[in-house]
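Written below as structure tokens is the structure these notes are about.
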Amino acid sequence: MPTDTRRLVGPESTQSPYDFCPKKVLKLDVEHNQRPDGRSSDKMRPVFLRAGVISQAKGSAYIEMNLTKVICAVYGPREVQRREDFSLQGQLTCDFKFATFSCRHRRQHQQDNQEKDLSLQLLEALEPAIHKYPKAQINVYVTVMENDGGALCAAIMCASLALSTAGIEMYDLVLASSAANLSTGCILVDPTKAEEDVVLNKMAETKGDNKSAGTVTVAYLPSISQVSAMTSDGEMDLPSLTKMSKLCISNCSKLYPVLQKSLSEYLQDKKPGTKMDVN
């Protein structure tokens, strides 16, 4: 049988490279209030912020929450590009995207349904804090460089700081915090990706039971004491949901001085980076 010399001869069968990656089973020590990274259940990850990282953008910011890394660019206010998008109240658009290398499994270049949903949640969190400009549009672009949990919280805070550096009039900075509730009743503040996966597995195990398991993310404006957005995933009773929401609001108040200091140092053109333990 003649062979095509222009074609590369490959193996008849293939194997996914993920089969060779060791799968770590996460174990949470709920009794001793310890997590795999050494934090207690009520302790947040350290936060690093830097403003003005993209010279071509009107405003930009970069945030690290341990291994979660997010960068944001803001353009505008500028003239509305399409005539059908014209509005006297102004327009705010948010684009949330995972980098192809940001997750364990490679992401696609095109925006998928999860990214579209996160873009909408980001828009809902930022919209109440922004004074819109009539007949103009403001574009927010968020890219997750590495995802280790809390990507939406990091995106909200990064976009809020970027909007401030762009000179956009805002009622207040938008803070965000998340919490996860295990079926045992233990609440984990600022969960990592592995901890979120454990909660998702608990959700599948306890579906239909009286136990509660799920995650909650709250966006908050501290100076005016207003919740701009809240999203939850899972099945939780009202007392658990209320307790987690109050805990997230308290954590947002702790994060507020971090964003204020980073913005102040950017405006004073001193130290561009701010790293602080928020606990």
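Ligands are numbered from 1 in the order shown, chains are lettered A, B, ... in the order of the structure tokens, and residues start at 1 in each chain.
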List every residue of range 51-82 of chain A that has an atom at most 12 Å from any atom of range 257-265 of chain A, and for each one report the closest atom pair and its distance in Å to one decimal, counting only C-alpha atoms, with rows sorted by chain and then by increasing residue number, as CSV.
```
residue,atom,partner,partner_atom,distance
A:Ala51,CA,A:Leu263,CA,7.0
A:Gly52,CA,A:Leu263,CA,9.7
A:Gly59,CA,A:Leu263,CA,11.5
A:Ser60,CA,A:Leu263,CA,11.2
A:Ala61,CA,A:Leu263,CA,9.8
A:Tyr62,CA,A:Ser262,CA,10.7
A:Ile63,CA,A:Leu259,CA,10.2
```
Residue selection dump (N, CA, C and O atoms) as a short mmCIF file (atom, residue, chain, number, x, y, z; two decimals), in the first residue's frame:
```cif
data_model
loop_
_atom_site.label_atom_id
_atom_site.label_comp_id
_atom_site.auth_asym_id
_atom_site.auth_seq_id
_atom_site.Cartn_x
_atom_site.Cartn_y
_atom_site.Cartn_z
N ALA A 51 -1.35 49.26 40.60
CA ALA A 51 -2.13 50.06 39.64
C ALA A 51 -1.23 50.60 38.54
O ALA A 51 -0.04 50.82 38.74
N GLY A 52 -1.84 50.84 37.37
CA GLY A 52 -1.11 51.45 36.26
C GLY A 52 -0.10 50.53 35.61
O GLY A 52 1.03 50.93 35.33
N GLY A 59 -6.89 53.17 32.23
CA GLY A 59 -6.68 52.75 33.61
C GLY A 59 -6.44 51.25 33.64
O GLY A 59 -6.96 50.51 32.81
N SER A 60 -5.63 50.80 34.59
CA SER A 60 -5.32 49.38 34.66
C SER A 60 -4.91 49.02 36.08
O SER A 60 -4.53 49.88 36.87
N ALA A 61 -4.95 47.73 36.37
CA ALA A 61 -4.57 47.24 37.69
C ALA A 61 -4.24 45.76 37.59
O ALA A 61 -4.66 45.06 36.65
N TYR A 62 -3.49 45.32 38.58
CA TYR A 62 -3.10 43.90 38.68
C TYR A 62 -3.25 43.47 40.12
O TYR A 62 -2.91 44.21 41.04
N ILE A 63 -3.79 42.27 40.33
CA ILE A 63 -4.03 41.78 41.68
C ILE A 63 -3.59 40.33 41.79
O ILE A 63 -3.72 39.55 40.84
#
```
Self-check item: Residues flagged helix (DSSP H, G or I) by DSSP in range 6-239 of chain A, as a PyMOL selection string
Solution: chain A and resi 17-20+83-85+113-129+151-165+193-205+222-224+238-239
Exercise. Just the residues within 9 Å of range 156-170 of chain A, please, counting only C-alpha atoms, with nothing from its chain fewer than 3 positions along; format it as an MDAnalysis selection string.
Key: chainID A and resid 49:52 57:63 70:77 122:123 125:126 128:132 138 140:142 151:153 173:176 219 259:260 262:263 266:267
Those residues with C-alpha atoms, as a compact mmCIF listing (two decimals), in the first residue's frame please?
```txt
# COMPACT_ATOMS: atom_id res chain seq x y z
CA LEU A 49 -2.21 45.13 44.28
CA ARG A 50 -0.53 47.27 41.67
CA ALA A 51 -2.13 50.06 39.64
CA GLY A 52 -1.11 51.45 36.26
CA ALA A 57 -4.96 51.73 28.69
CA LYS A 58 -6.75 54.65 30.31
CA GLY A 59 -6.68 52.75 33.61
CA SER A 60 -5.32 49.38 34.66
CA ALA A 61 -4.57 47.24 37.69
CA TYR A 62 -3.10 43.90 38.68
CA ILE A 63 -4.03 41.78 41.68
CA VAL A 70 -5.83 38.84 37.50
CA ILE A 71 -5.09 41.85 35.29
CA CYS A 72 -7.60 44.47 34.14
CA ALA A 73 -7.59 47.26 31.54
CA VAL A 74 -10.15 50.08 31.24
CA TYR A 75 -10.77 52.19 28.13
CA GLY A 76 -13.00 55.23 28.01
CA PRO A 77 -15.17 57.15 28.38
CA LEU A 122 -18.84 41.49 36.95
CA LEU A 123 -21.04 44.05 35.19
CA ALA A 125 -21.21 44.26 40.61
CA LEU A 126 -19.57 47.36 39.09
CA PRO A 128 -24.11 50.50 40.84
CA ALA A 129 -20.79 52.15 41.77
CA ILE A 130 -20.12 54.00 38.50
CA HIS A 131 -21.43 57.39 37.50
CA LYS A 132 -22.16 56.80 33.83
CA ILE A 138 -16.66 52.54 29.24
CA VAL A 140 -13.58 46.91 31.09
CA TYR A 141 -11.40 43.96 30.06
CA VAL A 142 -10.40 41.39 32.70
CA ALA A 151 -11.36 34.65 40.36
CA LEU A 152 -14.59 36.67 40.36
CA CYS A 153 -13.68 38.43 43.63
CA LEU A 173 -14.60 51.35 45.42
CA VAL A 174 -16.17 47.92 44.98
CA LEU A 175 -14.85 45.17 47.25
CA ALA A 176 -15.63 41.47 46.94
CA ALA A 219 -19.68 42.63 46.18
CA LEU A 259 -7.32 49.21 47.86
CA GLN A 260 -7.27 52.72 49.32
CA SER A 262 -2.75 51.13 46.61
CA LEU A 263 -4.73 53.91 44.91
CA TYR A 266 -0.41 55.27 42.64
CA LEU A 267 -1.69 58.85 42.68
```
For Glu146 in chain A: contacts at 6 Å, only C-alpha atoms, fewer than 5 positions along chain excluded, given as a short mmCIF file (atom, residue, chain, number, x, y, z; two decimals) with all heavy atoms, in the first residue's frame:
```
data_model
loop_
_atom_site.label_atom_id
_atom_site.label_comp_id
_atom_site.auth_asym_id
_atom_site.auth_seq_id
_atom_site.Cartn_x
_atom_site.Cartn_y
_atom_site.Cartn_z
N THR A 68 -3.94 33.15 42.71
CA THR A 68 -4.91 33.72 41.77
C THR A 68 -4.40 35.06 41.29
O THR A 68 -4.20 35.98 42.08
CB THR A 68 -6.28 33.88 42.43
OG1 THR A 68 -6.78 32.59 42.82
CG2 THR A 68 -7.28 34.50 41.46
N LYS A 69 -4.19 35.19 39.98
CA LYS A 69 -3.60 36.40 39.40
C LYS A 69 -4.51 36.94 38.31
O LYS A 69 -4.87 36.21 37.38
CB LYS A 69 -2.21 36.11 38.84
CG LYS A 69 -1.23 35.55 39.87
CD LYS A 69 0.08 35.17 39.25
CE LYS A 69 1.07 34.67 40.29
NZ LYS A 69 0.65 33.41 40.92
N SER A 102 -4.43 29.40 32.23
CA SER A 102 -4.75 29.81 33.61
C SER A 102 -5.29 28.68 34.47
O SER A 102 -5.22 28.75 35.70
CB SER A 102 -5.77 30.96 33.60
OG SER A 102 -6.97 30.54 32.98
#
```
Quiz item: Would you give me, as a count of residues only, the residues in range 21-269 of chain A that DSSP reads as strand (DSSP E or B)?
Solution: 76
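Computed from the coordinates, the CA of Leu92 in chain A to CA of Asp172 in chain A distance equals 16.4 Å.
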